[in-house]
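Take a look at the structure set out below.
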Amino acid sequence: MRSKLSIKELDFYYGDFKALHKVSMEIEPNKVTALIGPSGCGKSTLLKTLNRMNDLVAGSVVDGTVLYDGDDIYGKYDIIQLRKKIGMVFQSPNPFAMSIYDNIAYGPRIHGIKNKKVLDRIVEKSLRQAAIWEEIKNRLKGPALGLSGGQQQRLCIARVLAVEPDVILMDEPTSALDPVSTSRIEDLIDELKKEYTIIIVTHNMQQAGRISDSTAFFLNGYLEEMGATEKIFFNPDSKKTEDYISGKFG
Amino acid sequence: MSTKTRIHFTNVMEELNKEILMMGVYVEEALKKAIDALKNQDVNLAEEVIKEDERINALEIELFDKVAIVLATEQPVATDLRHLMGAIRIITDLERAGDYAVHIAEGAVRLAGETYLTPLRQIPEAGDEARQMLRDALTAFVNSDEGLAREVAARDDILDKLHKKLLKKMLKYMNKDDEADIEQATTLISLARFLERLGDHVTNICEWVIYSKTGEHVEL
């Protein structure tokens with residue numbers, strides 16, 4: 001199967017600090033790939049290189065290639081288009097201080113959609129896909145910040161879905177949520193992978209075990225081991241991977 | 001806000017239950033064929049049972065590994081954890097039950113050329129009962145039905161009684177001085193003993209159902 005993203009010998013520097021060392025990995029389409037590892041291991045840095053969020057960091061340098069559907073995203077790639085196709089959900093829910101409806105319609109409007117009926121359709125479809133429509137359909141004009149934390153995070157996922165992405169990057173999307181909201185997001189991820197490719201950074205190893213198909217373990221900026229999640233959590237090749245997932249360091 | 005969560009895990013558990021039921025069906029089939037082979041003195045059918053036991057053995061390993069992966073990736077707790085611990089023990093009991101079906105099939109091969117001393121009654125009867133008990137015990141497991149588990153375990157007495165009845169009947173032939181008769185009687189006694197032992201494994205399954213439901217280790 002052709003990879004959705006193909007990362008080859010990727011080095012990344014924050015000024016003098018080398019955060020990623022020759023990372024090579026293949027991300028399969030319609031799968032959930034979990035990036036795990038102790039703080040500072042480079043997993044969030046790698047995630048942000050995949051839609052060039054790191055371009056905004058002064059002094060950052062990228063070396064190596066990231067191919068998205070075969071095209072080098074660090075070549076002549078339209079960054080706006082890239083971030084539309086590869087969306088991001090952050091650690092803390094960050095809805096805009098506007099209505100639920102306007103949060104979802106924001107992206108499509110920026111991309112030029114003005115027709116009210118089309119926007120209505122996009123809003124409903126995105127909220128349904130994010131499994132939150134039934135809870136909030138009667139208060140679309142209400143403030144997004146009035147929702148619970150778990151609802152806000154699903155709203156943020158709906159906001160990403162509204163611009164019809166292909167890949168969704170998630171940076172610890174449940175670390176600020178209670179267990180029930182976490183389960184709901186995990187169920188949602190399992191559902192979304194039918195249509196999207198998902199890459200998730202998580203500090204919660206159990207979560208990686210539960211929801212991902214592949215797991216990549218990072219240590220000190222190196223990709224220590226990557227494989228099928230069942231293998232990584234049952235019988236990993238590397239002793240360091242085993243020590244980390246069994247909580248013996250990190 | 002009471003919609004169900006952990007849908008993926010729930011599906012995995014349901015799938016595992018189905019596979020355990022399927023393993024039970026294979027054991028039931030093996031037992032039925034082994035007894036039919038004995039009744040009809042059908043060597044081909046008996047050999048089929050012996051060969052098909054490989055499938056049951058392979059399934060034990062496959063399900064064992066599957067449970068291990070679920071434990072490693074899903075971190076189940078409480079009832080879910082106990083259900084998986086029970087599942088590990090139950091697949092071992094099923095594998096052993098499959099072995100007893102094979103032993104009966106081997107007996108059928110041994111007795112295929114002989115004329116039975118008396119028409120076979122207790123062994124087929126015990127076989128039917130054992131199969132029904134096995135099916136009910138696994139139903140109790142997937143439905144976490146403690147009452148059914150206790151009821152099935154109580155039926156183990158039926159197997160014990162049939163075993164004793166056959167034993168008594170065979171002793172008659174063993175008092176005579178015919179070596180061939182004694183040999184046949186001994187074989188039939190051992191086949192009845194295998195069925196009785198198979199019943200003990202079904203009782204074990206019932207005990208695991210109760211453990212899975214309540215966390216209590218009981219002796220049924």
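Residues in the structure tokens are numbered from 1 in each chain, the chains being A, B, ... in the order shown, and ligands are numbered from 1 in the order shown.
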Exercise for review: Using only C-alpha atoms, determine which residues lie at most 10 Å from Asp36 in chain B, disregarding the query and same-chain residues fewer than 5 positions distant; provide the list as a ChimeraX atom specification.
Suggested key: /B:30-31,41-42,45-46,105,108,124,127
Selection to disk with N, CA and C atoms, as a CSV table (one decimal), in the first residue's frame:
chain,number,residue,atom,x,y,z
B,30,ALA,N,-16.7,-32.6,17.5
B,30,ALA,CA,-15.7,-33.7,17.7
B,30,ALA,C,-16.3,-34.8,18.5
B,31,LEU,N,-17.0,-34.3,19.6
B,31,LEU,CA,-17.5,-35.3,20.5
B,31,LEU,C,-18.7,-36.1,19.9
B,41,GLN,N,-19.3,-48.0,14.6
B,41,GLN,CA,-18.0,-48.6,14.3
B,41,GLN,C,-17.4,-48.1,13.0
B,42,ASP,N,-17.4,-46.8,12.9
B,42,ASP,CA,-17.0,-46.1,11.6
B,42,ASP,C,-15.6,-45.6,11.8
B,45,LEU,N,-14.8,-42.0,10.3
B,45,LEU,CA,-15.3,-40.9,11.0
B,45,LEU,C,-14.4,-40.6,12.3
B,46,ALA,N,-14.0,-41.7,12.9
B,46,ALA,CA,-13.1,-41.6,14.1
B,46,ALA,C,-11.8,-40.9,13.7
B,105,ALA,N,-12.5,-41.3,20.1
B,105,ALA,CA,-12.4,-41.7,18.7
B,105,ALA,C,-11.3,-42.8,18.6
B,108,ALA,N,-12.9,-45.9,19.5
B,108,ALA,CA,-13.8,-46.4,18.4
B,108,ALA,C,-12.9,-47.1,17.4
B,124,PRO,N,-23.5,-43.2,24.6
B,124,PRO,CA,-24.1,-42.1,23.8
B,124,PRO,C,-25.0,-41.2,24.6
B,127,GLY,N,-22.7,-38.8,26.2
B,127,GLY,CA,-22.2,-37.9,25.2
B,127,GLY,C,-23.1,-36.8,24.8
I'd like the neighbourhood of Gly107 in chain A as a PDB file with C-alpha atoms, in the first residue's frame, where a residue qualifies if any of its atoms comes within 7 Å (using only C-alpha atoms), though same-chain residues fewer than 4 positions away should be ignored.
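The result, stored in around-v4.pdb:
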ATOM      1  CA  HIS A 111     -11.637  29.284   1.558  1.00  0.00           C
ATOM      2  CA  ALA A 162     -15.109  21.404   7.897  1.00  0.00           C
ATOM      3  CA  VAL A 163     -12.289  22.221   5.485  1.00  0.00           C
TER       4      VAL A 163
END
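Residue-level contacts from chain A to chain B at 8 Å, counting only C-alpha atoms, read Val180, Ser183, Arg184, Glu186, Asp187, Asp190, Gln206, Ala208, Gly209, Arg210, Thr229, Glu230, Phe233 and Phe234 of chain A.
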- Residue contacts of range 30-47 of chain A (6 Å, only C-alpha atoms) excluding same-chain residues fewer than 6 positions away, as a ChimeraX atom specification: /A:19,193-194,196-202,208,212-221,250
Selected residues, N, CA and C atoms, written as an mmCIF file, in the first residue's frame, please.
data_model
loop_
_atom_site.group_PDB
_atom_site.id
_atom_site.type_symbol
_atom_site.label_atom_id
_atom_site.label_comp_id
_atom_site.auth_asym_id
_atom_site.auth_seq_id
_atom_site.Cartn_x
_atom_site.Cartn_y
_atom_site.Cartn_z
ATOM 1 N N ALA A 19 16.684 18.646 17.240
ATOM 2 C CA ALA A 19 15.545 17.993 17.900
ATOM 3 C C ALA A 19 15.179 16.663 17.262
ATOM 4 N N LYS A 193 -11.017 7.257 11.284
ATOM 5 C CA LYS A 193 -9.932 6.687 10.474
ATOM 6 C C LYS A 193 -10.450 6.002 9.201
ATOM 7 N N LYS A 194 -11.771 5.742 9.179
ATOM 8 C CA LYS A 194 -12.317 5.175 7.943
ATOM 9 C C LYS A 194 -12.146 6.145 6.785
ATOM 10 N N TYR A 196 -10.130 9.276 7.179
ATOM 11 C CA TYR A 196 -8.941 10.124 7.286
ATOM 12 C C TYR A 196 -7.749 9.316 7.798
ATOM 13 N N THR A 197 -6.581 9.893 7.576
ATOM 14 C CA THR A 197 -5.362 9.331 8.159
ATOM 15 C C THR A 197 -5.079 10.143 9.418
ATOM 16 N N ILE A 198 -4.811 9.465 10.516
ATOM 17 C CA ILE A 198 -4.668 10.184 11.780
ATOM 18 C C ILE A 198 -3.301 9.907 12.407
ATOM 19 N N ILE A 199 -2.653 10.991 12.838
ATOM 20 C CA ILE A 199 -1.387 10.845 13.566
ATOM 21 C C ILE A 199 -1.582 11.546 14.900
ATOM 22 N N ILE A 200 -1.333 10.822 15.972
ATOM 23 C CA ILE A 200 -1.631 11.364 17.292
ATOM 24 C C ILE A 200 -0.402 11.291 18.195
ATOM 25 N N VAL A 201 -0.092 12.406 18.827
ATOM 26 C CA VAL A 201 0.938 12.419 19.857
ATOM 27 C C VAL A 201 0.223 12.219 21.184
ATOM 28 N N THR A 202 0.694 11.287 21.966
ATOM 29 C CA THR A 202 0.050 11.100 23.267
ATOM 30 C C THR A 202 1.075 10.736 24.337
ATOM 31 N N ALA A 208 -2.423 5.061 23.450
ATOM 32 C CA ALA A 208 -1.782 4.626 22.202
ATOM 33 C C ALA A 208 -2.143 3.165 21.937
ATOM 34 N N SER A 212 -4.448 3.039 18.466
ATOM 35 C CA SER A 212 -3.634 3.151 17.257
ATOM 36 C C SER A 212 -3.401 1.812 16.578
ATOM 37 N N ASP A 213 -3.107 1.904 15.281
ATOM 38 C CA ASP A 213 -2.738 0.716 14.504
ATOM 39 C C ASP A 213 -1.221 0.546 14.517
ATOM 40 N N SER A 214 -0.508 1.693 14.415
ATOM 41 C CA SER A 214 0.954 1.665 14.464
ATOM 42 C C SER A 214 1.412 2.580 15.580
ATOM 43 N N THR A 215 2.527 2.221 16.184
ATOM 44 C CA THR A 215 3.083 3.062 17.236
ATOM 45 C C THR A 215 4.554 3.325 16.929
ATOM 46 N N ALA A 216 4.943 4.599 17.088
ATOM 47 C CA ALA A 216 6.346 4.967 16.901
ATOM 48 C C ALA A 216 6.858 5.499 18.234
ATOM 49 N N PHE A 217 7.950 4.938 18.697
ATOM 50 C CA PHE A 217 8.517 5.354 19.978
ATOM 51 C C PHE A 217 9.768 6.205 19.727
ATOM 52 N N PHE A 218 9.753 7.417 20.250
ATOM 53 C CA PHE A 218 10.880 8.347 20.076
ATOM 54 C C PHE A 218 11.647 8.496 21.382
ATOM 55 N N LEU A 219 12.963 8.661 21.225
ATOM 56 C CA LEU A 219 13.811 8.878 22.393
ATOM 57 C C LEU A 219 14.950 9.798 21.988
ATOM 58 N N ASN A 220 15.079 10.909 22.697
ATOM 59 C CA ASN A 220 16.153 11.883 22.442
ATOM 60 C C ASN A 220 16.269 12.290 20.972
ATOM 61 N N GLY A 221 15.141 12.438 20.327
ATOM 62 C CA GLY A 221 15.161 12.896 18.937
ATOM 63 C C GLY A 221 15.351 11.805 17.906
ATOM 64 N N GLY A 250 11.179 7.468 31.995
ATOM 65 C CA GLY A 250 10.409 8.435 31.222
ATOM 66 C C GLY A 250 9.894 9.488 32.165
#
Worksheet item: Got a sec: who's within 10 Å of Trp133 in chain A, counting only C-alpha atoms, leaving out chain neighbours fewer than 3 positions off, as an MDAnalysis selection string?
Response: chainID A and resid 123:130 136:138 140 154:155 158
For this session: Excluding Val152 in chain B and residues on its chain fewer than 6 positions from it, collect all residues at most 7 Å away from it, counting only C-alpha atoms, and give them as a ChimeraX atom specification.
Result: /B:133,136-137
**Message:** Neighbouring residues of Phe194 in chain B were defined as those with any atom within 10 Å, considering only C-alpha atoms; residues of the same chain fewer than 4 positions away were excluded. Please report them as number ranges by chain.
**Reply:** B: 97, 99-104, 163, 188-190, 198-200
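If only C-alpha atoms are the atoms counted, then among A:Cys156, A:Ile185, A:Met88, A:Met226 the closest residue to Met25 in chain A is A:Met226.
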Counting only C-alpha atoms, the residue among A:Ile132, A:Leu223, A:Leu169, A:Met1 that lies closest to Leu50 in chain A is A:Leu169
To one decimal in Å, tell me the separation between CA of Phe141 in chain B and CA of Leu81 in chain B.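 Going from CA of Phe141 in chain B over to CA of Leu81 in chain B covers 13.8 Å.
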